[in-house]
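Trainee: Okay, handing you the structure first.
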Amino acid sequence: MEERPKLALIDADFLVYRVGFSCKDETEQIAKARLTEMLTDMVYIELKCEDYEAFITGKTNFRFGIATTHPYKGNRKDTEKPPHYEALRHHLQRLEAKMSDNQEADDDVAIASTKYIGWIVHVDKDLDQLPGWHYNPVKKEEYFVTEEEGLRSFYAQLLTGDRVDNIIGLHGIGPVKAKKLLAKATTEQDMYQAVTKAYDLAGEPPERVLENGQLLWLSRHEGQRWEPPHEA
């Protein structure tokens, strides 16, 4: 079996929410202590890593300009932030977490995952498009994603959309139907053609495929935006 990675690449946004809501009746000091404990336990005890890189999402995001059909994360305006929200974000930075710039923490994790062999630590299915070792610290679940599995995950999301981020897919297509539509695809070009055919049958313009693709795709290097695959 391939050697387990010694580095953890963490989409740390979830830590702020998980710790914040669990400490709603606690002081800021206790909340910070619990965040430190959760982070260090996850990295050094659960994964037995030697180091970590953690990322949190900043204020700016290129996706807001791309989303013309439906406002990106437009369904989150009234979402409750956890207690100690800003304090915990500042505390993560004191623990050497990096703030993203014009993108999201999961983009930073994706970029880092192309540079280093490390655990991709997250609770968000969006990151399943990334090949490599994955760890869900809430479920305590380890799994490996191949290149093909990562592509299938991305193209399946192009069909289903992402309600959490207000990315609207095709009506009536959930994960099971998306899997069936992609079942016969053996290459990325096949997957893309299956998706564009489904959009066309649904009466959706091809521009929607590009828009959703650029909203869902995680950048693999700075400034990267998803483009449809070229025909072989």
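By order of appearance in the structure tokens: chains A, B, ..., then residues from 1 within every chain, and ligands from 1 in the order shown.
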Tell me which protein, DNA and RNA residues are within 9 Å of Asn166 in chain A, counting only C-alpha atoms, leaving out same-chain ones fewer than 4 positions away, and put them as a PyMOL selection string.
Mentor: chain A and resi 70-76+161-162
Trainee: How close does range 201-226 of chain A get to range 145-160 of chain A? List, as a Markdown table, each residue of range 201-226 of chain A within 8 Å, its nearest atom pair and the distance in Å to one decimal, counting only C-alpha atoms.
Mentor:
```
| residue | atom | partner | partner_atom | distance |
| --- | --- | --- | --- | --- |
| A:Val209 | CA | A:Leu158 | CA | 7.2 |
| A:Asn212 | CA | A:Leu158 | CA | 6.4 |
| A:Gly213 | CA | A:Leu158 | CA | 6.3 |
| A:Leu216 | CA | A:Phe154 | CA | 7.4 |
| A:Trp217 | CA | A:Phe154 | CA | 7.1 |
```
Trainee: Can you pull out the residues contacting Arg18 in chain A? Cut-off 12 Å, using only C-alpha atoms, and skip same-chain residues under 5 positions away; I want them as a list in words.
Mentor: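 That gives Ala12, Asp13, Cys23, Lys24, Ala31, Lys32, Arg34, Leu35, Met38, Leu39, Lys81, Pro82, Pro83, His84, Tyr85, Leu88, Val123, Pro137 and Val138 of chain A.
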Trainee: Would you put the residues from that selection into a file with N, CA and C atoms, as a short mmCIF file (atom, residue, chain, number, x, y, z; two decimals), in the first residue's frame?
Mentor:
```cif
data_model
loop_
_atom_site.label_atom_id
_atom_site.label_comp_id
_atom_site.auth_asym_id
_atom_site.auth_seq_id
_atom_site.Cartn_x
_atom_site.Cartn_y
_atom_site.Cartn_z
N ALA A 12 -10.02 24.83 6.47
CA ALA A 12 -10.28 25.05 7.89
C ALA A 12 -11.54 25.85 8.20
N ASP A 13 -12.30 26.25 7.18
CA ASP A 13 -13.52 27.01 7.44
C ASP A 13 -14.46 26.26 8.38
N CYS A 23 -19.42 25.91 21.22
CA CYS A 23 -18.98 26.73 22.36
C CYS A 23 -19.88 27.95 22.56
N LYS A 24 -21.13 27.84 22.16
CA LYS A 24 -22.02 29.01 22.24
C LYS A 24 -22.24 29.49 23.67
N ALA A 31 -13.24 28.69 23.65
CA ALA A 31 -13.46 28.36 22.24
C ALA A 31 -12.13 28.27 21.49
N LYS A 32 -11.24 29.21 21.73
CA LYS A 32 -9.93 29.18 21.09
C LYS A 32 -9.14 27.94 21.50
N ARG A 34 -10.34 25.09 22.42
CA ARG A 34 -10.94 23.90 21.79
C ARG A 34 -10.57 23.82 20.32
N LEU A 35 -10.49 24.96 19.65
CA LEU A 35 -10.07 24.95 18.26
C LEU A 35 -8.65 24.44 18.14
N MET A 38 -8.71 20.68 18.70
CA MET A 38 -9.28 19.93 17.58
C MET A 38 -8.31 19.87 16.41
N LEU A 39 -7.67 20.99 16.12
CA LEU A 39 -6.72 21.05 15.00
C LEU A 39 -5.52 20.14 15.25
N LYS A 81 -24.04 33.09 11.67
CA LYS A 81 -22.63 32.83 11.95
C LYS A 81 -22.50 32.35 13.39
N PRO A 82 -21.53 31.50 13.66
CA PRO A 82 -21.40 30.95 15.01
C PRO A 82 -20.86 31.98 16.00
N PRO A 83 -21.07 31.74 17.27
CA PRO A 83 -20.44 32.60 18.28
C PRO A 83 -18.91 32.57 18.11
N HIS A 84 -18.28 33.68 18.46
CA HIS A 84 -16.81 33.80 18.42
C HIS A 84 -16.26 33.68 16.98
N TYR A 85 -17.09 33.98 15.99
CA TYR A 85 -16.72 33.77 14.58
C TYR A 85 -15.40 34.47 14.22
N LEU A 88 -12.31 33.29 16.30
CA LEU A 88 -11.78 31.98 15.90
C LEU A 88 -11.03 32.07 14.57
N VAL A 123 -14.76 18.61 5.04
CA VAL A 123 -16.07 17.99 5.28
C VAL A 123 -17.00 18.31 4.11
N PRO A 137 -12.76 14.70 9.00
CA PRO A 137 -12.51 14.65 10.44
C PRO A 137 -13.77 14.52 11.28
N VAL A 138 -14.93 14.80 10.71
CA VAL A 138 -16.17 14.62 11.46
C VAL A 138 -16.59 13.15 11.46
#
```
Trainee: For Gly58 in chain A, which of A:Met42, A:Ala183, A:Val164, A:Ala105 is the closest residue, counting only C-alpha atoms?
Mentor: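 Smallest separation from Gly58 in chain A among the options: A:Ala105.
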Trainee: Calculated over only C-alpha atoms, which of the candidates A:Gly132, A:Gly65, A:Gly223, A:Pro229 has the smallest distance to Asp101 in chain A?
Mentor: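 Looking at the shortest contact to Asp101 in chain A, the residue is A:Gly223.
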Trainee: Once DSSP has gone over the backbone, tell me which residues of range 37-154 of chain A are in helix (DSSP H, G or I), as an mmCIF file with N, CA and C atoms, in the first residue's frame.
Mentor:
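The resulting states-v3.cif:
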```cif
data_model
loop_
_atom_site.group_PDB
_atom_site.id
_atom_site.type_symbol
_atom_site.label_atom_id
_atom_site.label_comp_id
_atom_site.auth_asym_id
_atom_site.auth_seq_id
_atom_site.Cartn_x
_atom_site.Cartn_y
_atom_site.Cartn_z
ATOM 1 N N GLU A 37 -7.094 22.484 20.170
ATOM 2 C CA GLU A 37 -7.098 21.057 20.491
ATOM 3 C C GLU A 37 -7.620 20.229 19.316
ATOM 4 N N MET A 38 -8.707 20.680 18.701
ATOM 5 C CA MET A 38 -9.281 19.932 17.582
ATOM 6 C C MET A 38 -8.307 19.866 16.410
ATOM 7 N N LEU A 39 -7.673 20.994 16.116
ATOM 8 C CA LEU A 39 -6.721 21.046 15.004
ATOM 9 C C LEU A 39 -5.523 20.144 15.254
ATOM 10 N N THR A 40 -4.928 20.252 16.418
ATOM 11 C CA THR A 40 -3.720 19.460 16.702
ATOM 12 C C THR A 40 -4.029 17.976 16.829
ATOM 13 N N ASP A 41 -5.172 17.623 17.429
ATOM 14 C CA ASP A 41 -5.558 16.209 17.509
ATOM 15 C C ASP A 41 -5.738 15.620 16.114
ATOM 16 N N MET A 42 -6.403 16.377 15.261
ATOM 17 C CA MET A 42 -6.676 15.928 13.898
ATOM 18 C C MET A 42 -5.382 15.671 13.133
ATOM 19 N N VAL A 43 -4.455 16.599 13.241
ATOM 20 C CA VAL A 43 -3.211 16.510 12.465
ATOM 21 C C VAL A 43 -2.246 15.469 13.038
ATOM 22 N N TYR A 44 -1.976 15.585 14.338
ATOM 23 C CA TYR A 44 -0.882 14.807 14.917
ATOM 24 C C TYR A 44 -1.304 13.468 15.510
ATOM 25 N N ILE A 45 -2.534 13.343 15.962
ATOM 26 C CA ILE A 45 -2.989 12.089 16.570
ATOM 27 C C ILE A 45 -3.776 11.241 15.573
ATOM 28 N N GLU A 46 -4.810 11.841 14.955
ATOM 29 C CA GLU A 46 -5.647 11.058 14.042
ATOM 30 C C GLU A 46 -4.911 10.699 12.755
ATOM 31 N N ARG A 63 -15.748 34.086 -7.962
ATOM 32 C CA ARG A 63 -17.004 33.446 -8.380
ATOM 33 C C ARG A 63 -18.199 34.403 -8.358
ATOM 34 N N PHE A 64 -18.135 35.429 -7.523
ATOM 35 C CA PHE A 64 -19.252 36.374 -7.481
ATOM 36 C C PHE A 64 -19.438 37.070 -8.819
ATOM 37 N N GLY A 65 -18.344 37.275 -9.553
ATOM 38 C CA GLY A 65 -18.427 37.912 -10.857
ATOM 39 C C GLY A 65 -18.822 36.957 -11.969
ATOM 40 N N ILE A 66 -18.593 35.667 -11.775
ATOM 41 C CA ILE A 66 -18.914 34.666 -12.792
ATOM 42 C C ILE A 66 -20.397 34.297 -12.756
ATOM 43 N N GLY A 74 -26.121 33.186 -2.957
ATOM 44 C CA GLY A 74 -27.201 34.127 -2.706
ATOM 45 C C GLY A 74 -28.215 33.646 -1.692
ATOM 46 N N ASN A 75 -28.168 32.356 -1.394
ATOM 47 C CA ASN A 75 -29.077 31.782 -0.393
ATOM 48 C C ASN A 75 -28.489 31.818 1.009
ATOM 49 N N ARG A 76 -27.337 32.471 1.176
ATOM 50 C CA ARG A 76 -26.682 32.466 2.490
ATOM 51 C C ARG A 76 -26.765 33.809 3.216
ATOM 52 N N TYR A 85 -17.093 33.976 15.993
ATOM 53 C CA TYR A 85 -16.717 33.768 14.580
ATOM 54 C C TYR A 85 -15.404 34.472 14.221
ATOM 55 N N GLU A 86 -15.343 35.779 14.406
ATOM 56 C CA GLU A 86 -14.136 36.518 14.024
ATOM 57 C C GLU A 86 -12.949 36.151 14.909
ATOM 58 N N ALA A 87 -13.202 35.939 16.181
ATOM 59 C CA ALA A 87 -12.116 35.578 17.102
ATOM 60 C C ALA A 87 -11.479 34.249 16.704
ATOM 61 N N LEU A 88 -12.313 33.294 16.296
ATOM 62 C CA LEU A 88 -11.783 31.984 15.905
ATOM 63 C C LEU A 88 -11.034 32.073 14.572
ATOM 64 N N ARG A 89 -11.507 32.904 13.666
ATOM 65 C CA ARG A 89 -10.782 33.088 12.399
ATOM 66 C C ARG A 89 -9.418 33.727 12.652
ATOM 67 N N HIS A 90 -9.370 34.712 13.537
ATOM 68 C CA HIS A 90 -8.085 35.331 13.888
ATOM 69 C C HIS A 90 -7.177 34.318 14.595
ATOM 70 N N HIS A 91 -7.785 33.476 15.416
ATOM 71 C CA HIS A 91 -6.991 32.476 16.132
ATOM 72 C C HIS A 91 -6.387 31.473 15.155
ATOM 73 N N LEU A 92 -7.139 31.085 14.143
ATOM 74 C CA LEU A 92 -6.592 30.183 13.130
ATOM 75 C C LEU A 92 -5.384 30.812 12.437
ATOM 76 N N GLN A 93 -5.461 32.109 12.190
ATOM 77 C CA GLN A 93 -4.318 32.793 11.578
ATOM 78 C C GLN A 93 -3.115 32.800 12.515
ATOM 79 N N ARG A 94 -3.364 32.902 13.804
ATOM 80 C CA ARG A 94 -2.265 32.806 14.773
ATOM 81 C C ARG A 94 -1.654 31.405 14.758
ATOM 82 N N ALA A 105 -11.015 28.864 0.432
ATOM 83 C CA ALA A 105 -10.049 27.987 1.097
ATOM 84 C C ALA A 105 -9.877 26.686 0.329
ATOM 85 N N ASP A 106 -10.972 26.164 -0.250
ATOM 86 C CA ASP A 106 -10.834 24.888 -0.964
ATOM 87 C C ASP A 106 -10.022 25.043 -2.253
ATOM 88 N N ASP A 107 -10.015 26.247 -2.855
ATOM 89 C CA ASP A 107 -9.112 26.487 -3.984
ATOM 90 C C ASP A 107 -7.655 26.420 -3.523
ATOM 91 N N ASP A 108 -7.384 27.024 -2.377
ATOM 92 C CA ASP A 108 -6.007 26.992 -1.844
ATOM 93 C C ASP A 108 -5.577 25.563 -1.525
ATOM 94 N N VAL A 109 -6.508 24.776 -0.990
ATOM 95 C CA VAL A 109 -6.201 23.364 -0.727
ATOM 96 C C VAL A 109 -5.921 22.642 -2.043
ATOM 97 N N ALA A 110 -6.748 22.916 -3.065
ATOM 98 C CA ALA A 110 -6.552 22.268 -4.374
ATOM 99 C C ALA A 110 -5.189 22.615 -4.967
ATOM 100 N N ILE A 111 -4.815 23.884 -4.886
ATOM 101 C CA ILE A 111 -3.517 24.315 -5.413
ATOM 102 C C ILE A 111 -2.379 23.630 -4.650
ATOM 103 N N ALA A 112 -2.508 23.596 -3.333
ATOM 104 C CA ALA A 112 -1.475 22.944 -2.514
ATOM 105 C C ALA A 112 -1.384 21.450 -2.823
ATOM 106 N N SER A 113 -2.544 20.825 -3.124
ATOM 107 C CA SER A 113 -2.549 19.378 -3.372
ATOM 108 C C SER A 113 -1.841 19.006 -4.669
ATOM 109 N N THR A 114 -1.675 19.991 -5.589
ATOM 110 C CA THR A 114 -0.919 19.722 -6.816
ATOM 111 C C THR A 114 0.585 19.880 -6.594
ATOM 112 N N LYS A 115 0.951 20.516 -5.479
ATOM 113 C CA LYS A 115 2.367 20.746 -5.175
ATOM 114 C C LYS A 115 2.934 19.702 -4.216
ATOM 115 N N LYS A 125 -18.116 17.868 0.141
ATOM 116 C CA LYS A 125 -18.027 16.958 -1.007
ATOM 117 C C LYS A 125 -17.432 17.623 -2.241
ATOM 118 N N ASP A 126 -17.428 18.960 -2.305
ATOM 119 C CA ASP A 126 -16.845 19.664 -3.447
ATOM 120 C C ASP A 126 -15.385 19.252 -3.658
ATOM 121 N N LEU A 127 -14.687 18.989 -2.582
ATOM 122 C CA LEU A 127 -13.262 18.659 -2.688
ATOM 123 C C LEU A 127 -13.021 17.234 -3.167
ATOM 124 N N ASP A 128 -14.086 16.451 -3.328
ATOM 125 C CA ASP A 128 -13.922 15.096 -3.849
ATOM 126 C C ASP A 128 -13.523 15.089 -5.317
ATOM 127 N N GLN A 129 -13.498 16.265 -5.966
ATOM 128 C CA GLN A 129 -12.982 16.332 -7.335
ATOM 129 C C GLN A 129 -11.450 16.281 -7.356
ATOM 130 N N GLU A 147 -7.780 9.945 -10.240
ATOM 131 C CA GLU A 147 -7.997 11.020 -11.224
ATOM 132 C C GLU A 147 -9.378 10.887 -11.866
ATOM 133 N N GLU A 148 -9.736 9.669 -12.275
ATOM 134 C CA GLU A 148 -11.027 9.450 -12.930
ATOM 135 C C GLU A 148 -12.181 9.719 -11.975
ATOM 136 N N GLU A 149 -12.058 9.253 -10.747
ATOM 137 C CA GLU A 149 -13.118 9.493 -9.760
ATOM 138 C C GLU A 149 -13.307 10.981 -9.494
ATOM 139 N N GLY A 150 -12.196 11.712 -9.463
ATOM 140 C CA GLY A 150 -12.275 13.150 -9.254
ATOM 141 C C GLY A 150 -13.003 13.845 -10.389
ATOM 142 N N LEU A 151 -12.708 13.442 -11.622
ATOM 143 C CA LEU A 151 -13.390 14.020 -12.782
ATOM 144 C C LEU A 151 -14.880 13.682 -12.761
ATOM 145 N N ARG A 152 -15.203 12.443 -12.442
ATOM 146 C CA ARG A 152 -16.618 12.042 -12.383
ATOM 147 C C ARG A 152 -17.367 12.841 -11.318
ATOM 148 N N SER A 153 -16.710 13.092 -10.213
ATOM 149 C CA SER A 153 -17.335 13.871 -9.149
ATOM 150 C C SER A 153 -17.641 15.282 -9.637
ATOM 151 N N PHE A 154 -16.700 15.888 -10.360
ATOM 152 C CA PHE A 154 -16.894 17.239 -10.889
ATOM 153 C C PHE A 154 -18.029 17.277 -11.904
#
```
Trainee: I'd like the contact shell of Ile10 in chain A - 9 Å cut-off, only C-alpha atoms, skipping same-chain residues fewer than 5 positions apart - returned as an NGL selection string.
Mentor: :A and (52-56 or 97 or 105-106 or 109 or 119-122)
Trainee: With C-alpha atoms retained, write the just-selected residues as a PDB file, in the first residue's frame.
Mentor:
```pdb
ATOM      1  CA  TYR A  52      -0.044  20.984   8.216  1.00  0.00           C
ATOM      2  CA  GLU A  53      -1.115  23.838   5.973  1.00  0.00           C
ATOM      3  CA  ALA A  54      -4.511  25.319   6.822  1.00  0.00           C
ATOM      4  CA  PHE A  55      -6.604  27.760   4.814  1.00  0.00           C
ATOM      5  CA  ILE A  56      -9.614  29.960   5.552  1.00  0.00           C
ATOM      6  CA  ALA A  97      -3.656  29.363   8.705  1.00  0.00           C
ATOM      7  CA  ALA A 105     -10.049  27.987   1.097  1.00  0.00           C
ATOM      8  CA  ASP A 106     -10.834  24.888  -0.964  1.00  0.00           C
ATOM      9  CA  VAL A 109      -6.201  23.364  -0.727  1.00  0.00           C
ATOM     10  CA  TRP A 119      -4.090  14.509   3.224  1.00  0.00           C
ATOM     11  CA  ILE A 120      -6.917  16.650   1.823  1.00  0.00           C
ATOM     12  CA  VAL A 121      -8.799  17.408   5.031  1.00  0.00           C
ATOM     13  CA  HIS A 122     -12.368  18.628   4.653  1.00  0.00           C
TER      14      HIS A 122
END
```
Trainee: DSSP on the backbone, strand (DSSP E) only: what residues of range 15-206 of chain A does that give? Format it as a PyMOL selection string.
Mentor: chain A and resi 51-56+98-99+119-121+132-136+141-145+161-162+167-168
Trainee: Provide the CA of Ala194 in chain A to CA of Glu222 in chain A distance in Å, to one decimal place.
Mentor: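 Between these atoms lies a distance of 28.7 Å.
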Trainee: Have a look at CA of Gln214 in chain A and CA of Asp165 in chain A and let me know their distance in Å, one decimal.
Mentor: 13.0 Å
Trainee: How many Å lie between CA of Pro228 in chain A and CA of Leu215 in chain A, rounded to one decimal?
Mentor: 13.1 Å
Trainee: Using only C-alpha atoms, which residue out of A:Glu231, A:Asp200, A:Glu211, A:Glu3 lies closest to Glu188 in chain A?
Mentor: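 Distance minimum relative to Glu188 in chain A lands on A:Glu231.
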Trainee: Looking at A:Glu141, A:Gln224, A:Ile173, A:Gly118, which one is nearest to Asn102 in chain A, with distances taken over only C-alpha atoms?
Mentor: A:Gln224
